[in-house]
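Structure file my_file-v4.cif (mmCIF, C-alpha atoms) follows.
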```
data_start
#
loop_
_atom_site.group_PDB
_atom_site.id
_atom_site.type_symbol
_atom_site.label_atom_id
_atom_site.label_comp_id
_atom_site.auth_asym_id
_atom_site.auth_seq_id
_atom_site.Cartn_x
_atom_site.Cartn_y
_atom_site.Cartn_z
ATOM 1 C CA MET A 11 45.436 55.994 -11.167
ATOM 2 C CA GLY A 12 45.744 52.159 -11.278
ATOM 3 C CA PRO A 13 43.061 49.670 -10.266
ATOM 4 C CA MET A 14 42.315 48.952 -6.583
ATOM 5 C CA PHE A 15 44.821 46.060 -6.616
ATOM 6 C CA ASN A 16 48.308 46.426 -8.111
ATOM 7 C CA ILE A 17 48.264 44.588 -11.463
ATOM 8 C CA ARG A 18 52.036 44.821 -11.888
ATOM 9 C CA GLN A 19 52.615 43.134 -8.526
ATOM 10 C CA PHE A 20 50.053 40.457 -9.388
ATOM 11 C CA ALA A 21 51.739 39.696 -12.717
ATOM 12 C CA ALA A 22 55.184 39.514 -11.101
ATOM 13 C CA ALA A 23 53.870 37.159 -8.424
ATOM 14 C CA ALA A 24 52.288 34.930 -11.067
ATOM 15 C CA LEU A 25 55.614 34.631 -12.877
ATOM 16 C CA ILE A 26 57.374 33.666 -9.643
ATOM 17 C CA VAL A 27 54.716 31.046 -8.838
ATOM 18 C CA ALA A 28 55.004 29.562 -12.339
ATOM 19 C CA GLY A 29 58.777 29.363 -12.058
ATOM 20 C CA PHE A 30 58.767 27.521 -8.732
ATOM 21 C CA ALA A 31 55.597 25.438 -8.984
ATOM 22 C CA ALA A 32 56.352 23.592 -12.240
ATOM 23 C CA PRO A 33 59.515 21.792 -10.975
ATOM 24 C CA ALA A 34 57.321 19.988 -8.400
ATOM 25 C CA ALA A 35 56.629 17.529 -11.258
ATOM 26 C CA ALA A 36 59.479 15.862 -13.134
ATOM 27 C CA GLY A 37 60.308 17.406 -16.508
ATOM 28 C CA ASP A 38 59.070 15.311 -19.425
ATOM 29 C CA TYR A 39 59.083 16.229 -23.133
ATOM 30 C CA ASP A 40 56.040 13.920 -23.507
ATOM 31 C CA GLY A 41 54.259 15.496 -20.530
ATOM 32 C CA ASN A 42 50.644 16.596 -20.705
ATOM 33 C CA PHE A 43 51.192 20.154 -19.433
ATOM 34 C CA LEU A 44 53.512 22.947 -20.538
ATOM 35 C CA VAL A 45 53.747 26.203 -18.595
ATOM 36 C CA ARG A 46 55.636 29.218 -19.916
ATOM 37 C CA ALA A 47 56.605 32.573 -18.403
ATOM 38 C CA GLY A 48 57.745 35.272 -20.765
ATOM 39 C CA ILE A 49 57.962 38.842 -21.951
ATOM 40 C CA THR A 50 55.384 39.953 -24.504
ATOM 41 C CA VAL A 51 55.280 42.939 -26.854
ATOM 42 C CA VAL A 52 51.705 43.946 -27.737
ATOM 43 C CA ASN A 53 51.733 46.090 -30.889
ATOM 44 C CA PRO A 54 48.197 47.184 -31.856
ATOM 45 C CA ASP A 55 47.660 47.716 -35.579
ATOM 46 C CA SER A 56 44.971 50.217 -34.656
ATOM 47 C CA SER A 57 42.714 52.610 -36.519
ATOM 48 C CA ALA A 58 39.406 54.319 -35.774
ATOM 49 C CA ASP A 59 36.386 56.069 -37.250
ATOM 50 C CA VAL A 60 35.579 58.983 -34.930
ATOM 51 C CA PHE A 61 32.116 60.553 -34.659
ATOM 52 C CA GLY A 62 30.906 63.777 -33.044
ATOM 53 C CA PRO A 63 27.333 64.929 -32.337
ATOM 54 C CA ALA A 64 26.991 66.018 -35.996
ATOM 55 C CA GLY A 65 28.406 62.824 -37.529
ATOM 56 C CA ARG A 66 31.750 61.444 -38.587
ATOM 57 C CA ILE A 67 34.745 63.747 -38.075
ATOM 58 C CA ALA A 68 36.542 63.748 -41.430
ATOM 59 C CA GLY A 69 40.197 62.748 -41.226
ATOM 60 C CA ALA A 70 40.072 61.893 -37.532
ATOM 61 C CA ASP A 71 41.858 58.691 -36.480
ATOM 62 C CA ALA A 72 43.327 57.150 -33.326
ATOM 63 C CA GLU A 73 46.018 54.696 -32.299
ATOM 64 C CA VAL A 74 46.743 52.572 -29.243
ATOM 65 C CA SER A 75 50.209 52.467 -27.682
ATOM 66 C CA THR A 76 52.640 49.525 -27.954
ATOM 67 C CA GLU A 77 53.444 47.966 -24.584
ATOM 68 C CA VAL A 78 55.928 45.425 -23.161
ATOM 69 C CA ILE A 79 54.429 43.204 -20.442
ATOM 70 C CA PRO A 80 54.990 39.930 -18.534
ATOM 71 C CA SER A 81 52.824 37.014 -19.674
ATOM 72 C CA LEU A 82 51.931 33.417 -18.848
ATOM 73 C CA THR A 83 50.709 30.493 -20.960
ATOM 74 C CA LEU A 84 49.370 27.096 -19.968
ATOM 75 C CA THR A 85 49.205 24.356 -22.617
ATOM 76 C CA TYR A 86 47.450 20.999 -22.302
ATOM 77 C CA PHE A 87 48.436 18.219 -24.741
ATOM 78 C CA PHE A 88 45.774 15.762 -25.910
ATOM 79 C CA ASN A 89 48.536 13.812 -27.674
ATOM 80 C CA LYS A 90 51.991 14.572 -29.134
ATOM 81 C CA ASN A 91 50.598 16.806 -31.847
ATOM 82 C CA VAL A 92 47.348 18.401 -30.651
ATOM 83 C CA ALA A 93 47.130 20.808 -27.738
ATOM 84 C CA VAL A 94 45.102 23.709 -26.402
ATOM 85 C CA GLU A 95 46.777 26.830 -25.007
ATOM 86 C CA LEU A 96 45.574 29.592 -22.691
ATOM 87 C CA PHE A 97 47.532 32.867 -22.905
ATOM 88 C CA CYS A 98 47.047 35.555 -20.284
ATOM 89 C CA CYS A 99 48.412 38.857 -19.082
ATOM 90 C CA PHE A 100 47.367 42.323 -17.875
ATOM 91 C CA ALA A 101 48.375 45.556 -19.568
ATOM 92 C CA GLN A 102 47.762 49.299 -19.526
ATOM 93 C CA PHE A 103 47.515 51.214 -22.810
ATOM 94 C CA ASP A 104 47.181 54.837 -23.920
ATOM 95 C CA ALA A 105 45.034 56.061 -26.813
ATOM 96 C CA GLU A 106 46.078 59.078 -28.886
ATOM 97 C CA GLY A 107 44.409 60.973 -31.699
ATOM 98 C CA LYS A 108 45.777 61.078 -35.249
ATOM 99 C CA GLY A 109 44.915 62.936 -38.432
ATOM 100 C CA ALA A 110 42.383 65.702 -37.808
ATOM 101 C CA ILE A 111 42.735 65.158 -34.034
ATOM 102 C CA ASN A 112 46.507 64.616 -34.069
ATOM 103 C CA ASN A 113 48.161 64.378 -30.621
ATOM 104 C CA ALA A 114 44.830 64.476 -28.787
ATOM 105 C CA LYS A 115 45.172 62.590 -25.484
ATOM 106 C CA LEU A 116 42.208 60.240 -25.580
ATOM 107 C CA GLY A 117 42.734 58.443 -22.270
ATOM 108 C CA ASP A 118 44.323 55.308 -20.859
ATOM 109 C CA PHE A 119 42.816 51.959 -19.908
ATOM 110 C CA TRP A 120 43.680 48.518 -18.561
ATOM 111 C CA VAL A 121 42.972 45.275 -20.410
ATOM 112 C CA PHE A 122 42.687 41.609 -19.467
ATOM 113 C CA PRO A 123 43.079 39.808 -22.831
ATOM 114 C CA PRO A 124 43.084 35.980 -22.463
ATOM 115 C CA ALA A 125 43.491 34.037 -25.723
ATOM 116 C CA LEU A 126 42.522 30.381 -26.191
ATOM 117 C CA THR A 127 44.011 28.583 -29.210
ATOM 118 C CA LEU A 128 43.870 25.048 -30.561
ATOM 119 C CA GLN A 129 47.360 24.054 -31.718
ATOM 120 C CA TYR A 130 49.137 21.512 -33.901
ATOM 121 C CA HIS A 131 52.698 20.749 -32.769
ATOM 122 C CA PHE A 132 55.021 19.271 -35.373
ATOM 123 C CA ASN A 133 57.477 16.522 -34.473
ATOM 124 C CA PRO A 134 60.862 17.866 -33.279
ATOM 125 C CA VAL A 135 63.804 18.392 -35.615
ATOM 126 C CA ASN A 136 67.186 18.820 -33.904
ATOM 127 C CA GLY A 137 65.428 20.032 -30.766
ATOM 128 C CA PHE A 138 63.175 22.538 -32.560
ATOM 129 C CA LYS A 139 59.415 21.941 -32.250
ATOM 130 C CA PRO A 140 57.345 24.371 -34.373
ATOM 131 C CA TYR A 141 53.591 24.739 -33.964
ATOM 132 C CA VAL A 142 50.643 26.641 -35.387
ATOM 133 C CA GLY A 143 47.312 27.542 -33.821
ATOM 134 C CA ALA A 144 44.015 29.342 -34.184
ATOM 135 C CA GLY A 145 41.370 30.422 -31.704
ATOM 136 C CA LEU A 146 39.680 33.315 -29.946
ATOM 137 C CA GLN A 147 40.829 36.243 -27.845
ATOM 138 C CA TYR A 148 38.583 38.046 -25.382
ATOM 139 C CA ILE A 149 39.514 41.552 -24.269
ATOM 140 C CA ALA A 150 38.019 42.975 -21.085
ATOM 141 C CA PHE A 151 38.592 46.705 -20.589
ATOM 142 C CA PHE A 152 38.614 48.226 -17.104
ATOM 143 C CA ASP A 153 39.835 51.163 -15.028
ATOM 144 C CA GLU A 154 39.471 53.540 -17.982
ATOM 145 C CA GLY A 155 40.919 57.028 -17.556
ATOM 146 C CA ARG A 156 39.817 60.519 -18.529
ATOM 147 C CA SER A 157 40.835 62.239 -21.759
ATOM 148 C CA SER A 158 42.801 65.382 -20.962
ATOM 149 C CA THR A 159 41.883 66.735 -24.423
ATOM 150 C CA LEU A 160 38.190 65.851 -24.698
ATOM 151 C CA GLY A 161 37.362 66.167 -21.010
ATOM 152 C CA GLY A 162 35.296 62.973 -20.800
ATOM 153 C CA LYS A 163 36.205 59.541 -19.487
ATOM 154 C CA ILE A 164 36.885 56.905 -22.141
ATOM 155 C CA LYS A 165 34.653 53.808 -21.968
ATOM 156 C CA LEU A 166 35.282 50.760 -24.163
ATOM 157 C CA ASP A 167 33.101 47.723 -24.826
ATOM 158 C CA ASP A 168 34.541 44.286 -24.112
ATOM 159 C CA ALA A 169 35.244 42.427 -27.364
ATOM 160 C CA VAL A 170 35.985 39.006 -28.890
ATOM 161 C CA GLY A 171 38.235 38.446 -31.900
ATOM 162 C CA PHE A 172 39.796 35.703 -34.021
ATOM 163 C CA THR A 173 43.459 34.814 -33.358
ATOM 164 C CA LEU A 174 46.106 33.135 -35.525
ATOM 165 C CA GLN A 175 49.339 31.852 -33.993
ATOM 166 C CA ALA A 176 52.743 30.394 -34.900
ATOM 167 C CA GLY A 177 55.710 29.568 -32.718
ATOM 168 C CA VAL A 178 58.595 27.274 -31.920
ATOM 169 C CA ASP A 179 59.905 25.580 -28.788
ATOM 170 C CA TYR A 180 63.589 24.641 -28.457
ATOM 171 C CA GLU A 181 64.561 21.816 -26.115
ATOM 172 C CA LEU A 182 67.033 22.777 -23.365
ATOM 173 C CA GLY A 183 66.940 19.469 -21.465
ATOM 174 C CA ARG A 184 64.943 17.882 -18.622
ATOM 175 C CA GLY A 185 61.634 19.268 -19.863
ATOM 176 C CA TRP A 186 62.796 22.888 -20.259
ATOM 177 C CA TYR A 187 62.274 24.940 -23.422
ATOM 178 C CA LEU A 188 63.022 28.300 -24.940
ATOM 179 C CA ASN A 189 60.017 29.654 -26.831
ATOM 180 C CA ALA A 190 59.297 32.270 -29.489
ATOM 181 C CA ASP A 191 55.674 32.958 -30.417
ATOM 182 C CA VAL A 192 53.680 35.391 -32.533
ATOM 183 C CA LYS A 193 49.928 35.927 -32.561
ATOM 184 C CA LYS A 194 47.728 38.146 -34.710
ATOM 185 C CA THR A 195 44.257 38.987 -33.438
ATOM 186 C CA PHE A 196 41.521 40.639 -35.473
ATOM 187 C CA ILE A 197 39.286 42.507 -33.040
ATOM 188 C CA GLU A 198 37.292 45.714 -32.833
ATOM 189 C CA THR A 199 35.475 47.633 -30.115
ATOM 190 C CA ASP A 200 33.325 50.732 -29.599
ATOM 191 C CA ALA A 201 34.518 53.673 -27.496
ATOM 192 C CA VAL A 202 32.650 56.647 -26.057
ATOM 193 C CA TRP A 203 33.848 59.663 -24.085
ATOM 194 C CA THR A 204 31.287 60.379 -21.389
ATOM 195 C CA GLY A 205 29.530 63.722 -21.535
ATOM 196 C CA THR A 206 31.132 64.789 -24.839
ATOM 197 C CA GLY A 207 28.926 63.263 -27.556
ATOM 198 C CA ILE A 208 32.072 61.803 -29.147
ATOM 199 C CA ARG A 209 32.391 58.101 -29.952
ATOM 200 C CA ALA A 210 34.570 55.860 -32.137
ATOM 201 C CA ASN A 211 34.603 52.477 -33.814
ATOM 202 C CA VAL A 212 38.101 51.119 -33.140
ATOM 203 C CA ASP A 213 39.996 48.321 -34.894
ATOM 204 C CA ILE A 214 42.708 47.150 -32.477
ATOM 205 C CA ASP A 215 44.095 44.125 -34.420
ATOM 206 C CA PRO A 216 47.209 43.589 -32.258
ATOM 207 C CA TRP A 217 50.382 41.726 -33.111
ATOM 208 C CA ILE A 218 51.510 39.840 -29.993
ATOM 209 C CA PHE A 219 55.190 38.807 -29.846
ATOM 210 C CA THR A 220 56.454 36.655 -26.973
ATOM 211 C CA ALA A 221 59.817 35.263 -25.842
ATOM 212 C CA ALA A 222 59.492 32.793 -22.985
ATOM 213 C CA VAL A 223 60.965 29.957 -20.943
ATOM 214 C CA GLY A 224 58.787 26.852 -20.705
ATOM 215 C CA TYR A 225 58.634 23.708 -18.575
ATOM 216 C CA ARG A 226 56.750 20.572 -19.675
ATOM 217 C CA PHE A 227 55.694 17.926 -17.163
ATOM 218 C CA ASN A 228 53.055 15.362 -16.193
ATOM 219 C CA LEU A 229 50.718 16.935 -13.671
ATOM 220 C CA PHE A 230 48.756 13.757 -12.956
ATOM 221 C CA GLY A 231 51.544 11.193 -13.370
ATOM 222 C CA PRO A 232 53.030 9.561 -16.498
ATOM 223 C CA ARG A 233 50.813 8.825 -19.465
ATOM 224 C CA ASN A 234 51.457 7.685 -23.009
ATOM 225 C CA LEU A 235 50.774 10.499 -25.450
ATOM 226 C CA GLU A 236 50.460 8.841 -28.826
ATOM 227 C CA PRO A 237 50.993 10.980 -31.963
ATOM 228 C CA LEU A 238 48.032 11.962 -34.104
ATOM 229 C CA LYS A 239 47.249 9.193 -36.613
#
```

Output the structure of this file as structure tokens.
Amino acid sequence: MGPMFNIRQFAAAALIVAGFAAPAAAGDYDGNFLVRAGITVVNPDSSADVFGPAGRIAGADAEVSTEVIPSLTLTYFFNKNVAVELFCCFAQFDAEGKGAINNAKLGDFWVFPPALTLQYHFNPVNGFKPYVGAGLQYIAFFDEGRSSTLGGKIKLDDAVGFTLQAGVDYELGRGWYLNADVKKTFIETDAVWTGTGIRANVDIDPWIFTAAVGYRFNLFGPRNLEPLK
């Protein structure tokens, strides 16, 4: 069962709004805002220590599914080189047991995982503009489902982790870009299955790969963005 509102419809609507709202401002490769709409692969590098009422369950592990989702980013440029980016999406994942609890269905859950990174954008070379970034990702878990194997509902604590980022924009003309981006987040959370006495410490540590189309523009009118001295 999904949440009370349809997350997939919300994400699709957000992509449509981003695609039609940005052209209201003239494209400008020196603009102060860059909006991107893309497709993101979230590949958790997950592992877990699982505990029962008597202590740790030897050999028990868990993994979180890989998902493909729509995503949005909004970047604000302080100058030609320094910017801050907000990445956002919604996604539903499944958790499954490994090792001593192999193939156990541990439940599904939705996440809202915004990431905020401070970036350095290098000067363009033949239309290619690479960048690197670092920041924080917050993961809010909601609408958790019941484990068909354990019988209890999975509950996960919201978490904050450290994110590293690298990417490149390629100029298409008139403020438009193609983008490729990769992020690595180091994050962990605690999970419990209600009424079962079973809990787990979970390292999620996702790789986040994105391919996107971007549009850069001046939201508040032209301004001179000087490069970092």

Can you list every residue of segment 126-199 of chain A that has an atom at most 10 Å from segment 56-69 of chain A, with its nearest atom pair and the distance in Å to one decimal, using only C-alpha atoms, ordered by chain then number, as a Markdown table?
```
| residue | atom | partner | partner_atom | distance |
| --- | --- | --- | --- | --- |
| A:Ile197 | CA | A:Ser56 | CA | 9.7 |
| A:Glu198 | CA | A:Ser56 | CA | 9.1 |
| A:Thr199 | CA | A:Ala58 | CA | 9.6 |
```

For the selection just defined, write its residues with C-alpha atoms to a file, as a PDB file, in the coordinates of the input.
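As written to disk, part-v8.pdb reads:
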```
ATOM      1  CA  ILE A 197      39.286  42.507 -33.040  1.00  0.00           C
ATOM      2  CA  GLU A 198      37.292  45.714 -32.833  1.00  0.00           C
ATOM      3  CA  THR A 199      35.475  47.633 -30.115  1.00  0.00           C
TER       4      THR A 199
END
```

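Neighbouring residues of Thr204 of chain A at 8 Å or closer, counting only C-alpha atoms and skipping chain neighbours under 2 positions away, are Gly162, Lys163, Ile164, Lys165, Val202, Thr206, Gly207 and Ile208 of chain A.
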
Take the PyMOL selection byres ((chain A and resi 137-150) around 10), run it mentally on this structure, and tell me the resulting residues as a ChimeraX atom specification.
/A:91-98,100,120-136,151-152,166-183,187-199

Axis-aligned box for all listed atoms of segment 89-103 of chain A, 4 Å per side, centre and edges in Å to one decimal, as JSON:
```
{"center_x": 48.5, "center_y": 32.5, "center_z": -24.9, "size_x": 14.9, "size_y": 45.4, "size_z": 22.0}
```

In terms of the shortest atom-to-atom distance over all atoms listed in the file, which of A:Tyr86, A:Glu154, A:Ala110, A:Tyr225 is closest to Ala72 of chain A?
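Among the listed residues, the smallest separation from Ala72 of chain A belongs to A:Ala110.
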
Answer key for the PyMOL selection byres ((chain A and resi 52) around 7), residues as an MDAnalysis selection string
chainID A and resid 50:51 53:54 76:78 216:219

Choose the residue, out of A:Ser81, A:Ser75, A:Asn42, A:Asn211, that has the smallest atom-to-atom separation from Asp55 of chain A; count all atoms listed in the file.
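Closest to Asp55 of chain A, using all atoms listed in the file: A:Ser75.
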
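For the pair atom CA of Asp153 of chain A and atom CA of Cys99 of chain A, the separation is 15.5 Å.
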
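Interatomic distance, atom CA of Phe43 of chain A to atom CA of Asp215 of chain A: 29.1 Å.
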
Rank nothing, just name the residue among A:Ile79, A:Asn228, A:Val74, A:Ala201 nearest to Gly107 of chain A, using only C-alpha atoms.
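Nearest candidate to Gly107 of chain A out of A:Ile79, A:Asn228, A:Val74, A:Ala201: A:Val74.
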
Using Å and a single decimal, report how far atom CA of Phe103 of chain A sits from atom CA of Arg46 of chain A.
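Computing the Euclidean distance for atom CA of Arg46 of chain A and atom CA of Phe103 of chain A yields 23.6 Å.
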
Using the chain letters and numbering of this document, enumerate as a PDB file with C-alpha atoms, keeping the file's coordinate frame the residues selected by the PyMOL selection byres ((chain A and resi 117) around 6).
```pdb
ATOM      1  CA  ASP A 104      47.181  54.837 -23.920  1.00  0.00           C
ATOM      2  CA  ALA A 105      45.034  56.061 -26.813  1.00  0.00           C
ATOM      3  CA  LYS A 115      45.172  62.590 -25.484  1.00  0.00           C
ATOM      4  CA  LEU A 116      42.208  60.240 -25.580  1.00  0.00           C
ATOM      5  CA  ASP A 118      44.323  55.308 -20.859  1.00  0.00           C
ATOM      6  CA  GLY A 155      40.919  57.028 -17.556  1.00  0.00           C
ATOM      7  CA  ARG A 156      39.817  60.519 -18.529  1.00  0.00           C
ATOM      8  CA  SER A 157      40.835  62.239 -21.759  1.00  0.00           C
TER       9      SER A 157
END
```
